[in-house]
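One structure is given here, and the rest of the page talks about it.
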Amino acid sequence: MPTPRTLFDKLWDAHVIVAQEHGDTLLWVDRHFVHEGSHHAFAKIGARGIPVARPDLTFGVADHYVPTRGRAGTAAIPDATVRGMVEKLEANTTQYGVRLFGLEDPAQGIVHVVGPERGLTLPGTLIVCGDSHTATHGALGAYAFGIGASEVAHVLATQTIWQRKPKNMRIRVDGVLAPGLTAKDMILAIIMQIGTDGAVGHAVEYAGSAVRALSVEGRLTLCNMSIEAGARTGMVAPDETTISFLRTRPSLVSGAAFDKAAEEWLALAGDDGGRFDKEVSLDASQIAPTVTWGTSPEHALPVTAMVPDPAGIADAAKSAHVADAIAYMGLKAGQAISSIPIDRVFIGSCTNSRIEDLRAAATVLAGRKAKVPGLVSPGSSQIKVQAEQEGLDRIFMAAGLEWAASGCSMCVGMNGDLVAEGERCASTTNRNFKGRQGAGARTHLMSPAMVAAAAVAGMIADVRPMLDGRA
Amino acid sequence: MEPFKRLTAVACPLPFANIDTDQVVPARFMSTPRTQGYGGFLFHDRRRGADGQPTGEFPLDKPERAATKIIVAKRNFGCGSSREAAVYALMDFGIHCVIAPSFGEIFGGNSLSNGLLNARVSERDADTLLGELEAGARELTVDLETQRITGGKVPIQFEIDPAAKLRLINGWDDVQMTLSFRDQIAAFQQQDSVARPWARPV
C-alpha cells in the first residue's frame, strides 16, 4: 500500500523536477505573479540579458503603488515616484510579453484577489509572487508562497524555484463560529494561540468543520495571514465549495475537461493517515471578535479583554516587549480594549476587501454614521463594480466614509494612502507593525464588521450588539 | 555572489524578538534602485529622529559598535514582508551575518540569494551572546565550515541547512545552477503537460 500523503505532500510531489541529496529541490512553477515591486528582479534578468522563460505563465498586476483616488491613467499620477513604479511595470511586462492587469484594466485589483477571481489560481498549482501574502491562493488548494526579488528573477529566468520541503502542520478549527464572527477572527485567534513564529518551517493545512463551513472568500482571508503565524504557505483542501467557486471563473477549462479536472482536484485532499509533524486545534465556538492591541499580530485579544500588564509577565524579555508595544501604541496597561478611541478606519487589502467583506461592513454601517473618517478600497475593480451594483458604495458614503478604487492602499502606504503619525487606525489589514501604515501610525487589526463597528462608535467596539436584527 | 567562509568582526546586540522587515527597511524606500545603495535605510525609523539624523540611541549607532558586521538578535528575525530590500539594507550597511534562534522564512531565502549568513542558535545561546555583548564583548568569529561562533566565553555551535551552507561557502549563483538542469526541466514540462492538462491558463 502506498504511504498515505497529506494535501501538501501531494502538491509538493507533483512539482518536483530535481531532488538533491541534501534536500534542495527544484520545483516547477505554474503561475508567477509580478507587481510594481518586482522592478529589482526585472533589473537583474535585464542586466544578464536573460529572457522570461514562460511569459504565458507570468502575470503582471498593478496594485502596490496604484492611486486609489482620482485615477485617470498612469500619465496622470501626480507623484513622480509612484508614477515611475507603475510605468516601470508597464514597460517590463510589455518588453517581455507578459499579460498585465494594469491601472486601467477592468480586471485590475490586488494580486491575491485578482488571481482567484480570474480563475488563474487553481487547486494543485504551484504559485509564487514577490509578496509574503501569496499563501492567500492556498484557499483553493494551491501550494502558494511568497518569494524575494532574487527568487523572482530566478523564476522569471527558469519558471522553477529551489526549496527545501517544509514540515506538515495541521490547524483544525471545529465547531461553529458565533454570528458576526468571521475568518478574520479565526486567523487572529490562531495567531494569538501559536504566536508569530508558531508555524515557522511548516506548510499549514487548515482543516476542521469550521474551516469547511467558510466560503472561498473566508478561506482566502484565513490562508492570507499564514505568514503572520510564520508559515510561508497555508492551504485548504479542495471540496465542493472550491469547485462551485471555480465553475464560474474565466481563463480555465470548461465542460467535460472541467469535470475531469474537478475530479483530480478533489482527489488532492489528504489521505487518511497522512502524517502531520505538528497539530493545533481550536474550538470555533470559543472564538470572540478578536482585535490586536500592540505592534505584532500575536498581540491579539478578544474585544472584551484588557490591554495586558507587563508587570504581570514573568519573562523579562516578553514583559519589555509588551511594555514597548504599549508605549508605541499610546495605551495603558489594564485599559479595556473596547474603550480605545480611534482616529480613522480602513477597509481593504488582500486580507479583507472581497465582496463578502464589503457586505459585512455595510450591514453594520447601513443607516448609521461614522464618527471618524475612513477609506474603503475594494480588492479589485470588478468587486468595485459589483459593490456599486449592490448599492454598498452608497451605504459607505452615506456613513461618511470615502469609496475609492482598488489597490494595496493604506495597508502598506506605498501609494501615499497613509495614516498620520500618532493616529490610530482600525484596519482590516494584516500587519500592525510599527510604522506599517505610515511612520508613527498605530494600527489595530480586526474584521471588516469590527472596523465598521469602530467607525460607528468612534472607538474599538464589540460588533455583536450592533448586528441585532441585521445579520 | 561572494563566498562566505569565516568572519571575524564587531558584533552588535539587538535584544529584540520579531524584528520585522518593515522595521529593517520602511516601505517608502523600496522604489529606490539597488545601485543607489540601501545602507542608509537600515532601521531608518528606529535609528533616526524627525530630522533624519541618527539619535544615537539605537545599538548600531553606539560608538563601540562602529563597523559592525554581525548582528545578534532574538527569535523570529526578519519576519513579515517578503521585501528583499531588508537584506539589501543589511548588506549595504556592512552586515554579513545575523545570529538568532529563528528567522522569517522568506528572509532566509533572500539572505541566501545575497550571501548573508543566517546562523541559527538556541534561545539560550542567543541570550548568552546578547548578555556578553551588552557586558562589553565586541568581536565574534563565525566559521561556516565548522558552524562555530567563538569570541564569547564558550564556543557556540550554530545550525544551518546543508544546502544553504554549500551555496554560501561556494558563493553559487542559483540561476547558473538551475540552468545546468535544463534537460530535466524540459522533460518535466513534457510529462506534466500530459499529466495536468488543466494547469495551463486558457
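As shown in the C-alpha cells, the chain order sets the letters A, B, ...; within each chain, residues go from 1, and ligands are also counted from 1 in the order they appear.
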Go through chain A residue by residue and, counting only C-alpha atoms, keep those with an atom at most 7 Å from chain B; for each kept residue give the shortest atom pair and its distance in Å to one decimal, ordered by chain and increasing number, as CSV.
residue,atom,partner,partner_atom,distance
A:Ile17,CA,B:Phe188,CA,6.2
A:His22,CA,B:Ala163,CA,5.8
A:Gly23,CA,B:Ala163,CA,6.8
A:Asp24,CA,B:Ala163,CA,6.0
A:Asp30,CA,B:Ala199,CA,7.0
A:Met85,CA,B:Ser31,CA,6.9
A:Leu120,CA,B:Pro201,CA,6.6
A:Thr125,CA,B:Ala199,CA,6.8
A:Gly130,CA,B:Ser82,CA,6.6
A:Asp131,CA,B:Ser82,CA,5.4
A:Ser132,CA,B:Ser82,CA,4.9
A:Gly146,CA,B:Ser82,CA,6.5
A:Ile147,CA,B:Ile106,CA,6.0
A:Gly148,CA,B:Glu84,CA,5.2
A:Ala149,CA,B:Glu84,CA,5.8
A:Ser150,CA,B:Ser113,CA,6.1
A:His154,CA,B:Val175,CA,5.7
A:Asp197,CA,B:Asn76,CA,6.3
A:Ile227,CA,B:Gly80,CA,6.8
A:Glu228,CA,B:Gly80,CA,6.7
A:Gly230,CA,B:Gly104,CA,6.7
A:Arg232,CA,B:Glu105,CA,6.7
A:Ser251,CA,B:Val202,CA,4.8
A:Leu252,CA,B:Val202,CA,5.1
A:Val253,CA,B:Trp198,CA,6.3
A:Ala261,CA,B:Trp198,CA,6.4
A:Met414,CA,B:Arg28,CA,6.0
A:Arg436,CA,B:Asp22,CA,6.5
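Omitting Ala189 in chain A and its sequence neighbours fewer than 2 positions away, and counting only C-alpha atoms, the residues within 9 Å are Lys184, Asp185, Met186, Ile187, Ile191, Met192, Gln193, Ile194, Leu282, Ile287, Ala288, Pro289, Thr290, Glu298, Ala300, Leu301 and Pro302 of chain A.
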Residues as selected, C-alpha atoms, written as a PDB file, in the first residue's frame, can you do that?
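Final file, result_28.pdb:
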ATOM      1  CA  LYS A 184     -10.503  37.139  10.299  1.00  0.00           C
ATOM      2  CA  ASP A 185     -11.411  36.449  13.919  1.00  0.00           C
ATOM      3  CA  MET A 186     -10.425  32.826  13.334  1.00  0.00           C
ATOM      4  CA  ILE A 187      -6.946  33.589  11.997  1.00  0.00           C
ATOM      5  CA  ILE A 191      -2.030  33.619  15.794  1.00  0.00           C
ATOM      6  CA  MET A 192      -2.898  34.651  19.352  1.00  0.00           C
ATOM      7  CA  GLN A 193      -2.606  30.984  20.330  1.00  0.00           C
ATOM      8  CA  ILE A 194       0.523  29.879  18.446  1.00  0.00           C
ATOM      9  CA  LEU A 282      -9.255  25.373  18.231  1.00  0.00           C
ATOM     10  CA  ILE A 287     -13.631  32.467  19.400  1.00  0.00           C
ATOM     11  CA  ALA A 288     -14.725  36.051  20.170  1.00  0.00           C
ATOM     12  CA  PRO A 289     -14.383  39.141  17.960  1.00  0.00           C
ATOM     13  CA  THR A 290     -10.618  39.499  18.027  1.00  0.00           C
ATOM     14  CA  GLU A 298       0.326  37.939  18.092  1.00  0.00           C
ATOM     15  CA  ALA A 300      -4.304  39.870  19.699  1.00  0.00           C
ATOM     16  CA  LEU A 301      -7.108  39.548  22.254  1.00  0.00           C
ATOM     17  CA  PRO A 302     -10.888  39.246  22.418  1.00  0.00           C
TER      18      PRO A 302
END
So which residues of range 363-406 of chain A fall under strand (DSSP E) by DSSP, listed as a PyMOL selection string?
chain A and resi 374-376+402-403
Long-range neighbours of range 396-411 of chain A as a list in words, 7 Å cut-off, only C-alpha atoms, 6 positions minimum in chain
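Once the adjacent positions are removed, what remains is Asp63, His64, Val66, Thr68, Arg69, Gly109, Ile110, Ser349, Ala362, Leu365, Arg368, Lys369, Ala370, Pro373, Gly374, Leu375, Val376, Ser377, Pro378, Gly379, Ser380, Ser381, Asp417, Leu418, Thr429 and Gln437 of chain A.
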At a cut-off of 12 Å, using only C-alpha atoms, what residues contact Glu132 in chain B? Leave out same-chain residues fewer than 4 positions from it and give the result as a PyMOL selection string.
chain B and resi 11-13+15+72+125-128+136-140+150-154
What would the file look like if the residues just selected were written as a PDB file, in the first residue's frame with N, CA and C atoms?
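Wrote result.pdb, looks like this:
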ATOM      1  N   ALA B  11      30.417  42.728  16.578  1.00  0.00           N
ATOM      2  CA  ALA B  11      29.050  42.224  16.626  1.00  0.00           C
ATOM      3  C   ALA B  11      28.200  43.171  17.459  1.00  0.00           C
ATOM      4  N   CYS B  12      26.956  43.351  17.026  1.00  0.00           N
ATOM      5  CA  CYS B  12      26.059  44.270  17.737  1.00  0.00           C
ATOM      6  C   CYS B  12      24.845  43.519  18.274  1.00  0.00           C
ATOM      7  N   PRO B  13      24.550  43.696  19.556  1.00  0.00           N
ATOM      8  CA  PRO B  13      23.364  43.040  20.103  1.00  0.00           C
ATOM      9  C   PRO B  13      22.097  43.831  19.774  1.00  0.00           C
ATOM     10  N   PRO B  15      18.637  43.159  21.173  1.00  0.00           N
ATOM     11  CA  PRO B  15      17.934  42.224  22.050  1.00  0.00           C
ATOM     12  C   PRO B  15      16.413  42.291  21.899  1.00  0.00           C
ATOM     13  N   VAL B  72      23.371  40.112  16.499  1.00  0.00           N
ATOM     14  CA  VAL B  72      22.794  39.027  17.314  1.00  0.00           C
ATOM     15  C   VAL B  72      21.425  39.513  17.780  1.00  0.00           C
ATOM     16  N   ASP B 125      21.629  30.109  23.906  1.00  0.00           N
ATOM     17  CA  ASP B 125      22.898  30.612  23.374  1.00  0.00           C
ATOM     18  C   ASP B 125      22.770  32.055  22.869  1.00  0.00           C
ATOM     19  N   ALA B 126      21.614  32.366  22.270  1.00  0.00           N
ATOM     20  CA  ALA B 126      21.401  33.748  21.816  1.00  0.00           C
ATOM     21  C   ALA B 126      21.418  34.687  23.018  1.00  0.00           C
ATOM     22  N   ASP B 127      20.735  34.289  24.074  1.00  0.00           N
ATOM     23  CA  ASP B 127      20.700  35.125  25.276  1.00  0.00           C
ATOM     24  C   ASP B 127      22.091  35.285  25.877  1.00  0.00           C
ATOM     25  N   THR B 128      22.874  34.192  25.858  1.00  0.00           N
ATOM     26  CA  THR B 128      24.244  34.257  26.372  1.00  0.00           C
ATOM     27  C   THR B 128      25.071  35.269  25.574  1.00  0.00           C
ATOM     28  N   GLY B 136      30.005  44.154  27.239  1.00  0.00           N
ATOM     29  CA  GLY B 136      31.248  44.755  26.763  1.00  0.00           C
ATOM     30  C   GLY B 136      32.023  43.968  25.723  1.00  0.00           C
ATOM     31  N   ALA B 137      31.659  42.721  25.466  1.00  0.00           N
ATOM     32  CA  ALA B 137      32.351  41.979  24.407  1.00  0.00           C
ATOM     33  C   ALA B 137      32.117  42.689  23.078  1.00  0.00           C
ATOM     34  N   ARG B 138      33.124  42.625  22.184  1.00  0.00           N
ATOM     35  CA  ARG B 138      32.977  43.385  20.926  1.00  0.00           C
ATOM     36  C   ARG B 138      32.988  42.493  19.683  1.00  0.00           C
ATOM     37  N   GLU B 139      34.013  41.643  19.602  1.00  0.00           N
ATOM     38  CA  GLU B 139      34.171  40.898  18.351  1.00  0.00           C
ATOM     39  C   GLU B 139      33.747  39.452  18.483  1.00  0.00           C
ATOM     40  N   LEU B 140      33.204  38.918  17.412  1.00  0.00           N
ATOM     41  CA  LEU B 140      32.914  37.487  17.344  1.00  0.00           C
ATOM     42  C   LEU B 140      33.533  36.945  16.057  1.00  0.00           C
ATOM     43  N   THR B 150      32.885  31.801  17.896  1.00  0.00           N
ATOM     44  CA  THR B 150      33.818  31.965  19.007  1.00  0.00           C
ATOM     45  C   THR B 150      34.012  33.452  19.302  1.00  0.00           C
ATOM     46  N   GLY B 151      34.639  33.699  20.455  1.00  0.00           N
ATOM     47  CA  GLY B 151      34.841  35.091  20.864  1.00  0.00           C
ATOM     48  C   GLY B 151      34.097  35.373  22.153  1.00  0.00           C
ATOM     49  N   GLY B 152      33.085  34.540  22.441  1.00  0.00           N
ATOM     50  CA  GLY B 152      32.403  34.618  23.725  1.00  0.00           C
ATOM     51  C   GLY B 152      33.138  33.749  24.734  1.00  0.00           C
ATOM     52  N   LYS B 153      32.542  33.565  25.906  1.00  0.00           N
ATOM     53  CA  LYS B 153      33.230  32.791  26.955  1.00  0.00           C
ATOM     54  C   LYS B 153      33.409  31.339  26.523  1.00  0.00           C
ATOM     55  N   VAL B 154      32.361  30.777  25.874  1.00  0.00           N
ATOM     56  CA  VAL B 154      32.486  29.408  25.351  1.00  0.00           C
ATOM     57  C   VAL B 154      32.053  29.396  23.884  1.00  0.00           C
TER      58      VAL B 154
END
At a cut-off of 9 Å, using only C-alpha atoms, what residues contact Ser215 in chain A? Leave out same-chain residues fewer than 3 positions from it and give the result as a list in words.
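Near neighbours after the sequence-gap exclusion: Val211, Arg212, Gly218, Arg219, Leu220, Thr241, Thr242 and Phe245 of chain A.
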Could those residues be written to a file, using N, CA and C atoms, as a PDB file, in the first residue's frame?
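Written output follows (part-v2.pdb):
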ATOM      1  N   VAL A 211     -13.662  25.408   9.259  1.00  0.00           N
ATOM      2  CA  VAL A 211     -12.964  25.818   8.037  1.00  0.00           C
ATOM      3  C   VAL A 211     -13.773  25.384   6.817  1.00  0.00           C
ATOM      4  N   ARG A 212     -14.280  24.159   6.873  1.00  0.00           N
ATOM      5  CA  ARG A 212     -15.133  23.646   5.780  1.00  0.00           C
ATOM      6  C   ARG A 212     -16.341  24.561   5.568  1.00  0.00           C
ATOM      7  N   GLY A 218     -13.807  33.549   2.682  1.00  0.00           N
ATOM      8  CA  GLY A 218     -13.334  33.370   4.058  1.00  0.00           C
ATOM      9  C   GLY A 218     -12.033  32.586   4.105  1.00  0.00           C
ATOM     10  N   ARG A 219     -11.953  31.559   3.283  1.00  0.00           N
ATOM     11  CA  ARG A 219     -10.724  30.743   3.257  1.00  0.00           C
ATOM     12  C   ARG A 219      -9.542  31.566   2.751  1.00  0.00           C
ATOM     13  N   LEU A 220      -9.816  32.475   1.802  1.00  0.00           N
ATOM     14  CA  LEU A 220      -8.741  33.339   1.292  1.00  0.00           C
ATOM     15  C   LEU A 220      -8.201  34.219   2.419  1.00  0.00           C
ATOM     16  N   THR A 241     -17.247  23.336  -2.246  1.00  0.00           N
ATOM     17  CA  THR A 241     -17.249  24.810  -2.177  1.00  0.00           C
ATOM     18  C   THR A 241     -16.232  25.363  -3.179  1.00  0.00           C
ATOM     19  N   THR A 242     -15.059  24.742  -3.216  1.00  0.00           N
ATOM     20  CA  THR A 242     -13.995  25.160  -4.140  1.00  0.00           C
ATOM     21  C   THR A 242     -14.451  24.992  -5.585  1.00  0.00           C
ATOM     22  N   PHE A 245     -17.046  27.491  -6.755  1.00  0.00           N
ATOM     23  CA  PHE A 245     -16.412  28.800  -6.964  1.00  0.00           C
ATOM     24  C   PHE A 245     -15.716  28.830  -8.329  1.00  0.00           C
TER      25      PHE A 245
END
Nearest residue to Asp309 in chain A out of A:Ser244, A:Thr428, A:Gln335, A:Gln382, using only C-alpha atoms?
A:Gln335
Would you mind listing what lies within 9 Å of Ile127 in chain A as number ranges by chain, with only C-alpha atoms counted and same-chain residues fewer than 4 positions away left out?
A: 29-33, 121, 134-135, 137-138, 142-146
With C-alpha atoms kept, could you save the residues just selected as a PDB file, in the first residue's frame?
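Writing the result to out19.pdb gives the following:
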ATOM      1  CA  VAL A  29       6.100  26.936 -11.035  1.00  0.00           C
ATOM      2  CA  ASP A  30       2.610  27.010 -12.612  1.00  0.00           C
ATOM      3  CA  ARG A  31       1.825  30.680 -12.030  1.00  0.00           C
ATOM      4  CA  HIS A  32       4.079  33.634 -11.324  1.00  0.00           C
ATOM      5  CA  PHE A  33       2.545  36.972 -10.390  1.00  0.00           C
ATOM      6  CA  THR A 121      -5.482  30.298  -9.131  1.00  0.00           C
ATOM      7  CA  THR A 134       0.880  34.827  -1.576  1.00  0.00           C
ATOM      8  CA  ALA A 135      -0.314  31.985   0.688  1.00  0.00           C
ATOM      9  CA  HIS A 137      -4.110  31.382  -3.042  1.00  0.00           C
ATOM     10  CA  GLY A 138      -3.824  28.239  -0.915  1.00  0.00           C
ATOM     11  CA  ALA A 142      -2.792  25.561  -4.333  1.00  0.00           C
ATOM     12  CA  TYR A 143       0.781  25.477  -2.999  1.00  0.00           C
ATOM     13  CA  ALA A 144       1.407  29.222  -2.920  1.00  0.00           C
ATOM     14  CA  PHE A 145       4.185  31.154  -1.233  1.00  0.00           C
ATOM     15  CA  GLY A 146       5.928  34.494  -1.206  1.00  0.00           C
TER      16      GLY A 146
END
Please return as a CSV table (one decimal) with N, CA, C and O atoms, in the first residue's frame: the residues of range 201-303 of chain A that backbone DSSP assigns to helix (DSSP H, G or I).
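Once everything was written out, this is out-v5.csv:
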chain,number,residue,atom,x,y,z
A,209,SER,N,-14.4,21.4,10.8
A,209,SER,CA,-15.7,21.7,10.3
A,209,SER,C,-15.9,23.2,10.2
A,209,SER,O,-16.6,23.7,9.3
A,210,ALA,N,-15.3,24.0,11.0
A,210,ALA,CA,-15.4,25.5,10.9
A,210,ALA,C,-14.7,26.0,9.7
A,210,ALA,O,-15.2,27.0,9.1
A,211,VAL,N,-13.7,25.4,9.3
A,211,VAL,CA,-13.0,25.8,8.0
A,211,VAL,C,-13.8,25.4,6.8
A,211,VAL,O,-14.0,26.2,5.9
A,212,ARG,N,-14.3,24.2,6.9
A,212,ARG,CA,-15.1,23.6,5.8
A,212,ARG,C,-16.3,24.6,5.6
A,212,ARG,O,-16.8,24.7,4.5
A,216,VAL,N,-15.3,30.5,0.0
A,216,VAL,CA,-13.9,30.6,-0.6
A,216,VAL,C,-13.3,32.0,-0.1
A,216,VAL,O,-12.1,32.0,0.2
A,217,GLU,N,-14.2,33.0,-0.1
A,217,GLU,CA,-13.7,34.3,0.4
A,217,GLU,C,-13.1,34.2,1.8
A,217,GLU,O,-12.0,34.8,2.1
A,218,GLY,N,-13.8,33.5,2.7
A,218,GLY,CA,-13.3,33.4,4.1
A,218,GLY,C,-12.0,32.6,4.1
A,218,GLY,O,-11.1,32.9,4.9
A,219,ARG,N,-12.0,31.6,3.3
A,219,ARG,CA,-10.7,30.7,3.3
A,219,ARG,C,-9.5,31.6,2.8
A,219,ARG,O,-8.4,31.4,3.2
A,220,LEU,N,-9.8,32.5,1.8
A,220,LEU,CA,-8.7,33.3,1.3
A,220,LEU,C,-8.2,34.2,2.4
A,220,LEU,O,-7.0,34.4,2.5
A,221,THR,N,-9.1,34.7,3.3
A,221,THR,CA,-8.7,35.5,4.4
A,221,THR,C,-7.8,34.7,5.4
A,221,THR,O,-6.8,35.2,5.9
A,222,LEU,N,-8.3,33.5,5.6
A,222,LEU,CA,-7.6,32.6,6.6
A,222,LEU,C,-6.2,32.3,6.1
A,222,LEU,O,-5.2,32.5,6.8
A,223,CYS,N,-6.1,31.8,4.8
A,223,CYS,CA,-4.8,31.5,4.3
A,223,CYS,C,-3.9,32.7,4.2
A,223,CYS,O,-2.6,32.6,4.3
A,224,ASN,N,-4.5,33.9,3.9
A,224,ASN,CA,-3.7,35.1,3.7
A,224,ASN,C,-2.8,35.4,4.8
A,224,ASN,O,-1.6,35.9,4.6
A,225,MET,N,-3.2,35.2,6.0
A,225,MET,CA,-2.4,35.6,7.2
A,225,MET,C,-1.5,34.5,7.7
A,225,MET,O,-1.0,34.6,8.8
A,226,SER,N,-1.3,33.4,6.9
A,226,SER,CA,-0.4,32.3,7.4
A,226,SER,C,0.9,32.8,7.7
A,226,SER,O,1.6,32.4,8.7
A,227,ILE,N,1.4,33.8,6.9
A,227,ILE,CA,2.8,34.3,7.1
A,227,ILE,C,2.8,35.0,8.5
A,227,ILE,O,3.9,35.1,9.1
A,228,GLU,N,1.7,35.5,9.0
A,228,GLU,CA,1.7,36.2,10.3
A,228,GLU,C,1.8,35.2,11.4
A,228,GLU,O,2.0,35.6,12.6
A,229,ALA,N,1.6,33.9,11.1
A,229,ALA,CA,1.9,32.8,12.0
A,229,ALA,C,3.2,32.2,11.8
A,229,ALA,O,3.6,31.2,12.4
A,240,GLU,N,-16.4,20.7,-2.5
A,240,GLU,CA,-17.4,21.2,-3.4
A,240,GLU,C,-17.5,22.7,-3.4
A,240,GLU,O,-17.9,23.3,-4.4
A,241,THR,N,-17.2,23.3,-2.2
A,241,THR,CA,-17.2,24.8,-2.2
A,241,THR,C,-16.2,25.4,-3.2
A,241,THR,O,-16.5,26.3,-3.9
A,242,THR,N,-15.1,24.7,-3.2
A,242,THR,CA,-14.0,25.2,-4.1
A,242,THR,C,-14.5,25.0,-5.6
A,242,THR,O,-14.3,25.9,-6.4
A,243,ILE,N,-15.0,23.8,-5.9
A,243,ILE,CA,-15.4,23.5,-7.2
A,243,ILE,C,-16.5,24.5,-7.7
A,243,ILE,O,-16.4,25.0,-8.9
A,244,SER,N,-17.5,24.8,-6.9
A,244,SER,CA,-18.6,25.7,-7.3
A,244,SER,C,-18.0,27.1,-7.6
A,244,SER,O,-18.4,27.7,-8.5
A,245,PHE,N,-17.0,27.5,-6.8
A,245,PHE,CA,-16.4,28.8,-7.0
A,245,PHE,C,-15.7,28.8,-8.3
A,245,PHE,O,-15.8,29.8,-9.1
A,246,LEU,N,-15.0,27.7,-8.6
A,246,LEU,CA,-14.2,27.7,-9.9
A,246,LEU,C,-15.0,27.6,-11.1
A,246,LEU,O,-14.7,28.2,-12.2
A,247,ARG,N,-16.2,27.0,-11.0
A,247,ARG,CA,-17.0,26.7,-12.2
A,247,ARG,C,-17.4,28.0,-12.9
A,247,ARG,O,-17.6,28.0,-14.2
A,255,GLY,N,-16.6,22.6,-19.5
A,255,GLY,CA,-17.3,21.4,-20.0
A,255,GLY,C,-16.7,20.1,-19.4
A,255,GLY,O,-16.4,20.1,-18.2
A,256,ALA,N,-16.5,19.1,-20.2
A,256,ALA,CA,-16.1,17.8,-19.7
A,256,ALA,C,-14.6,17.9,-19.2
A,256,ALA,O,-14.3,17.2,-18.2
A,257,ALA,N,-13.8,18.8,-19.8
A,257,ALA,CA,-12.5,19.0,-19.3
A,257,ALA,C,-12.5,19.5,-17.9
A,257,ALA,O,-11.6,19.1,-17.0
A,258,PHE,N,-13.4,20.4,-17.6
A,258,PHE,CA,-13.5,20.9,-16.2
A,258,PHE,C,-13.9,19.8,-15.2
A,258,PHE,O,-13.3,19.7,-14.2
A,259,ASP,N,-14.9,19.0,-15.6
A,259,ASP,CA,-15.4,17.9,-14.7
A,259,ASP,C,-14.3,17.0,-14.4
A,259,ASP,O,-14.1,16.5,-13.3
A,260,LYS,N,-13.5,16.7,-15.5
A,260,LYS,CA,-12.3,15.8,-15.3
A,260,LYS,C,-11.3,16.4,-14.3
A,260,LYS,O,-10.8,15.7,-13.4
A,261,ALA,N,-11.0,17.7,-14.5
A,261,ALA,CA,-10.1,18.4,-13.7
A,261,ALA,C,-10.6,18.4,-12.2
A,261,ALA,O,-9.9,18.2,-11.3
A,262,ALA,N,-11.9,18.7,-12.1
A,262,ALA,CA,-12.5,18.8,-10.8
A,262,ALA,C,-12.3,17.5,-10.0
A,262,ALA,O,-12.1,17.5,-8.8
A,263,GLU,N,-12.5,16.4,-10.7
A,263,GLU,CA,-12.2,15.1,-10.1
A,263,GLU,C,-10.8,15.0,-9.5
A,263,GLU,O,-10.6,14.5,-8.4
A,264,GLU,N,-9.9,15.4,-10.3
A,264,GLU,CA,-8.5,15.4,-9.9
A,264,GLU,C,-8.2,16.3,-8.7
A,264,GLU,O,-7.5,16.0,-7.8
A,265,TRP,N,-8.9,17.5,-8.7
A,265,TRP,CA,-8.7,18.5,-7.7
A,265,TRP,C,-9.2,17.9,-6.3
A,265,TRP,O,-8.6,18.1,-5.3
A,266,LEU,N,-10.4,17.3,-6.4
A,266,LEU,CA,-11.0,16.7,-5.2
A,266,LEU,C,-10.1,15.6,-4.6
A,266,LEU,O,-10.0,15.4,-3.4
A,284,ALA,N,-14.2,26.6,17.5
A,284,ALA,CA,-14.7,27.8,16.9
A,284,ALA,C,-15.7,28.5,17.8
A,284,ALA,O,-15.8,29.8,17.8
A,285,SER,N,-16.4,27.8,18.6
A,285,SER,CA,-17.5,28.4,19.5
A,285,SER,C,-16.8,29.3,20.6
A,285,SER,O,-17.5,30.1,21.2
A,286,GLN,N,-15.5,29.1,20.8
A,286,GLN,CA,-14.8,29.8,21.9
A,286,GLN,C,-14.2,31.1,21.3
A,286,GLN,O,-13.6,31.9,22.1
Just the number, please: distance in Å from CA of Leu27 in chain A to CA of Glu117 in chain A, one decimal.
25.1 Å
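Using only C-alpha atoms, the shortest contact distance between Gly115 in chain A and any of A:Leu103, A:Val128, A:Val18, A:Ala327 is found at A:Val128.
Coordinates place CA of Ala203 in chain A at a distance of 5.3 Å from CA of Thr233 in chain A.
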